[in-house]
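Student: My questions will all concern the structure given below.
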Protein chains: 4
Amino acid sequence: MSDSHSFILTVVCPDAVGIVAAVAGYLTAQEYFIEESTHFGDPDTGTFFMRTRFIPRQQSFSRGTFAAGFDAIASRFGMDWHVYDTRILPRVLIMVSKYDHCLNDLLYRYRTGALRMTIPAIVSNHMDLAGLASWHKVPFFHVPVTPENKAAAEARLMEIAEDSRADLIVLARYMQILSPGLCGKYPGRIINIHHSFLPGFKGAKPYHEAHRRGVKLIGATAHYVTADLDEGPIIEQTVERADHTMSPDDLAAIGRDVESLTLARAVKLQLEHRVFVNGMKTVVLR
Amino acid sequence: MSDSHSFILTVVCPDAVGIVAAVAGYLTAQEYFIEESTHFGDPDTGTFFMRTRFIPRQQSFSRGTFAAGFDAIASRFGMDWHVYDTRILPRVLIMVSKYDHCLNDLLYRYRTGALRMTIPAIVSNHMDLAGLASWHKVPFFHVPVTPENKAAAEARLMEIAEDSRADLIVLARYMQILSPGLCGKYPGRIINIHHSFLPGFKGAKPYHEAHRRGVKLIGATAHYVTADLDEGPIIEQTVERADHTMSPDDLAAIGRDVESLTLARAVKLQLEHRVFVNGMKTVVLR
Amino acid sequence: MSDSHSFILTVVCPDAVGIVAAVAGYLTAQEYFIEESTHFGDPDTGTFFMRTRFIPRQQSFSRGTFAAGFDAIASRFGMDWHVYDTRILPRVLIMVSKYDHCLNDLLYRYRTGALRMTIPAIVSNHMDLAGLASWHKVPFFHVPVTPENKAAAEARLMEIAEDSRADLIVLARYMQILSPGLCGKYPGRIINIHHSFLPGFKGAKPYHEAHRRGVKLIGATAHYVTADLDEGPIIEQTVERADHTMSPDDLAAIGRDVESLTLARAVKLQLEHRVFVNGMKTVVLR
Amino acid sequence: MSDSHSFILTVVCPDAVGIVAAVAGYLTAQEYFIEESTHFGDPDTGTFFMRTRFIPRQQSFSRGTFAAGFDAIASRFGMDWHVYDTRILPRVLIMVSKYDHCLNDLLYRYRTGALRMTIPAIVSNHMDLAGLASWHKVPFFHVPVTPENKAAAEARLMEIAEDSRADLIVLARYMQILSPGLCGKYPGRIINIHHSFLPGFKGAKPYHEAHRRGVKLIGATAHYVTADLDEGPIIEQTVERADHTMSPDDLAAIGRDVESLTLARAVKLQLEHRVFVNGMKTVVLR
């Protein structure tokens, strides 16, 4: 009997003639049916990005067998590549503080299967959202952060991330800055939601800034976390209309919808292995 | 000396294992560098659609040479295929009546090169827009249509379309219905802009209908023309907000912007060979 | 000590010279400070709609006192009018079947105060969403509907609506049709979310229809329920982009976000007394 | 015989109880029918803004008569007020450099009456767009600007603005910075289109910046010109989706549509006297 579920192959390498042909040729030779395939060669950086979803038609597919055959091609083009079994759900660690709109939205999509992931842990520096986690039967870890215990707290976070074997860390309005050490340990694997349309309104109180400046649209930005605060590669952005009648609280209320939706979209793209870091930007292969 | 401009290959055939590999393999063997490549296999119809943009690296590229080599692959998979030289601009015949917003927008984009096409002729059943055509130095043909001369008028249209060797016919608010004969002669090559968000508000006075029904969004739909009025495959749709204060005239004024933009986008997609008819739907490979 | 919270006055009457002056004059004479005021005179129906939010500055405000003074003006212009104390939260009965995305969204906004309402009861023809209701501490009533018990079930619904003194009934993907009798009992007070951009795709399976027709945008419509199915006055509409790669399930997944947001917006407008029925349309005073 | 066309009254004054009543009372006493009326009291600045459109019902309306009666009310509340006869079209001076997309769009809307204005002059520091102006029969003034002649050029601009009795100056991609002197002479009467979503990407090359930063939406901002470059009060903003495949030129091409539409909307709002400067923000009464 044959496997009939999908695998996803991602490839990053220097751009060259023949990559698509080599990859597609190999998959076809193995009788893998290509369901989806997208690629992009960035003329600025000379880097090639590819994502292919395929279904094996033969009996004996394993990641090991695949690798054994694919390694020659990978070496030839200098590929950084991965193959993912779509039956194995990515493990997503969620970090929050007190705001619950993004967490509520992610848990809803998790519960209904709209986001195909498991959530080994929710971590917070406050206790407020423990009940919400508990109702969804997700373990909740309280890791308070104070000026005094910052290093210890971060060590504890790292421990939880490792113990839960997190593939992805999502900062769903987590109001603490992560250390460069932690950021460096999960490159391209920590997603943050910033409550403004970056690069406008960096910093802590964007809705107040938006109100002060009188902008006519407010937005949210989902981006990878890097050591450089609010400057990580952007994954997704959304905006909504605003007007002069709105107070900072009104803007924040609209912003909550925009933040939730933008973060959910970015997480979904990541879970489907569609997002690639390309210097300070992303390539999103739809 | 080598060619350094792009060619576009489009392929439609029954879906099967190995198509991408065969096409990419052939292009690579010929030292064609693949700039862009997108494909889609429709699980409902079992049809495969592909669009590839490539740059030849060798001296002697010609469409004939390409065909000679590619024919074996095309036969194997039963392909309907075309290769387009992007230096040769598509010839677009524009048909209008009295409304000028779409024509003005198309001519502007034509003049600035945003739409890469030539316009061999503008045809109208009225004289109103002759001046606009003339300022853009495009030949204007007046073909009046009356209940009595309908067949003769259509014959004249057909003649102009043929004489101008039109690759594409764009109905930019042309207020006459084309005969099934003319539609059948240019399948997937006549684009119409309908001033509503189809399938809502078919028929002649959609803004009055939208006003009567009190909708909160109005839209426009660019679609291929088939013998079945307002039911051709949809290429692009856009909407804009409306509210209770707006009269049918106000809705029409907003609608003019939406229509112009929607039609321009559809024409651009078509000029770049991104749109494929798939039964009563389209596949748009971006 | 004076009241410092807001009241909302709504007025509907035949259009005439002097209405705004009379209302504003009365409010000012009573030392009520006008925070917001919007009105609209529909030239088609000759009907005038007004919404004013004001803060009493004097000690003794009561709805009775207000009425005593305002009655003369109301009689003069033939007004249908109401004054609402914004401290008293509207009572909203929610009806659902098995889909939970709209309910989850409404309950989240209820819990966080984004929707200022109380929910005396959630009614469903299935048991599936009892747990969700219970977690939010909202009474859940199971009223199964079968071809045989339709009249009895509807009588039970009516009873629950009356017992819970519902100001508003929200059909959050309730998959049964209400009888004309029930509709007639709550004119302009039952809101339904239809999962398409009306008037396109009326009926039961709009995402399948949208897929079949190949539309490039999908939408949702919040409207008042009348005896005429899917033809009630439209309150709010939203759309999201779709493309050829999406299955009916994919469209439905996107649709869930659009439905939730559209319904939440419509309910918020209603809770703020901004929506007026105007024949088969609505006037929404923002 | 009575006048049957509309007048627009705008009022700005310190917020207080009774303003709406006083204005509406006066209009009613004079038998003016109020078609539209919107107001906003800014709680932050304590300033009240009002716009009313009305139709006189009596024989002898004149701005002088109106003023004679209205002055007492205006004095009582400390009003800055204006009344505009909608038959008299505002005079709009347009300034451009070499980019023609905004000018083309404005002239099209001018020609079709979608923007109700006269254009006494188009001024440019280049000759490129003289033909476009000429085809629309609008006088074109060439005022070259060099580092050496900056003061003389500005004096010439001022002269043209005065001679043409401009009510409004529109910078439709005019690539020179106006002196504080000229800005100060037309406060709230010079509109610029900035080709980014301010406050992100101030400065001269926003599409290159947007490309470098990898944003997923690009935008345009129409704002009043003040001495503080790109910091004037924002009137309107629009965005459009972007992705990783787009070069700076591609972003600019999309941007041209966004800029044209955003500027046209801002000019329309201004022509209808809906925009008020409120410190560093605007109030837009729709």
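Following the order of the structure tokens, chains are lettered A, B, ..., residues in each are numbered from 1, and ligands are numbered from 1.
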Can you list every residue of chain D that has an atom at most 6 Å from chain A, with its nearest atom pair and the distance in Å to one decimal, using only C-alpha atoms, ordered by chain then number, as a tab-separated table?
Tutor:
residue	atom	partner	partner_atom	distance
D:Pro199	CA	A:Gly200	CA	5.2
D:Gly200	CA	A:Gly200	CA	4.2
D:Gly214	CA	A:Lys281	CA	4.9
D:Lys216	CA	A:Gln237	CA	5.8
D:Gln237	CA	A:Lys216	CA	5.8
D:His244	CA	A:Val283	CA	5.5
D:Lys281	CA	A:Gly214	CA	4.9
D:Val283	CA	A:His244	CA	5.5
Student: Hey, what's within 7 Å of segment 248-256 of chain D if we count only C-alpha atoms and toss same-chain stuff fewer than 6 positions away? As JSON, numbers by chain, please?
Tutor: {"D": [101, 195, 207, 208, 211, 219]}
Student: From the options B:Leu129, B:Arg87, B:Glu31, B:Val12, which residue's atoms come nearest to Cys102 of chain B, counting only C-alpha atoms?
Tutor: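 Nearest to Cys102 of chain B: B:Leu129.
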Student: Env of segment 146-163 of chain D: 10 Å cut, atoms = only C-alpha atoms, seq-sep filter 5 positions within chain, self excluded. Answer as a PyMOL selection string.
Tutor: chain D and resi 92-95+120-125+141+168-169+176+178-179+181-182+185-186
Student: Emit the selected residues as a PDB file, in the first residue's frame, including C-alpha atoms.
Tutor:
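Result file follows (out-v1.pdb):
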ATOM      1  CA  VAL D  92      -7.077  74.937  -8.197  1.00  0.00           C
ATOM      2  CA  LEU D  93      -3.479  75.568  -9.227  1.00  0.00           C
ATOM      3  CA  ILE D  94      -1.673  72.314 -10.040  1.00  0.00           C
ATOM      4  CA  MET D  95       2.102  71.980  -9.783  1.00  0.00           C
ATOM      5  CA  PRO D 120      -6.460  78.442 -13.856  1.00  0.00           C
ATOM      6  CA  ALA D 121      -2.890  77.195 -14.309  1.00  0.00           C
ATOM      7  CA  ILE D 122      -0.537  74.248 -14.325  1.00  0.00           C
ATOM      8  CA  VAL D 123       2.965  75.149 -13.213  1.00  0.00           C
ATOM      9  CA  SER D 124       6.014  72.987 -13.753  1.00  0.00           C
ATOM     10  CA  ASN D 125       9.763  73.211 -13.397  1.00  0.00           C
ATOM     11  CA  PHE D 141       3.609  77.936 -16.933  1.00  0.00           C
ATOM     12  CA  LEU D 168      -6.035  75.588  -3.506  1.00  0.00           C
ATOM     13  CA  ILE D 169      -2.582  74.508  -4.662  1.00  0.00           C
ATOM     14  CA  GLN D 176      10.790  70.760  -5.356  1.00  0.00           C
ATOM     15  CA  LEU D 178       8.392  74.999  -1.204  1.00  0.00           C
ATOM     16  CA  SER D 179       9.826  77.734   0.991  1.00  0.00           C
ATOM     17  CA  GLY D 181       7.225  81.711   3.157  1.00  0.00           C
ATOM     18  CA  LEU D 182       5.043  80.185   0.430  1.00  0.00           C
ATOM     19  CA  LYS D 185       0.893  82.103   2.772  1.00  0.00           C
ATOM     20  CA  TYR D 186      -1.507  79.232   2.006  1.00  0.00           C
TER      21      TYR D 186
END
Student: Give the strand (DSSP E) residues of segment 29-264 of chain C, as assigned by DSSP on the backbone, as a VMD selection string.
Tutor: chain C and resid 32 to 42 47 to 56 80 to 85 92 to 96 122 to 124 140 to 142 168 to 171 190 to 194 217 to 224 234 to 241
Student: What is the distance between atom CA of Ala22 of chain A and atom CA of Gly25 of chain B, in Å to one decimal?
Tutor: 7.3 Å
Student: Got a sec: who's within 7 Å of Ala266 of chain C, counting only C-alpha atoms, leaving out chain neighbours fewer than 2 positions off, as a list in words?
Tutor: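 Non-adjacent residues within range: Ala222, Ile235, Glu236, Thr262, Leu263, Ala264, Lys268, Leu269 and Gln270 of chain C.
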Student: Could you check how far atom CA of Arg286 of chain C sits from atom CA of Phe54 of chain D, in Å to one decimal?
Tutor: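 Taking atom CA of Arg286 of chain C and atom CA of Phe54 of chain D, their separation equals 20.5 Å.
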Student: Write out as a PyMOL selection string which residues come within 10 Å of Ala24 of chain B when counting only C-alpha atoms, dropping same-chain ones fewer than 4 positions away.
Tutor: (chain A and resi 18-25) or (chain B and resi 18-20+28-30+32-34+37+52)
Student: In Å, how far is it from atom CA of Gly113 of chain B to atom CA of Asp257 of chain B?
Tutor: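 Computing the Euclidean distance for atom CA of Gly113 of chain B and atom CA of Asp257 of chain B yields 20.0 Å.
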Student: Apply DSSP to the backbone of this structure and, from segment 127-220 of chain D, keep only the residues in alpha helix (DSSP H); write these as an MDAnalysis selection string.
Tutor: chainID D and resid 130:135 150:163 180:185 206:213
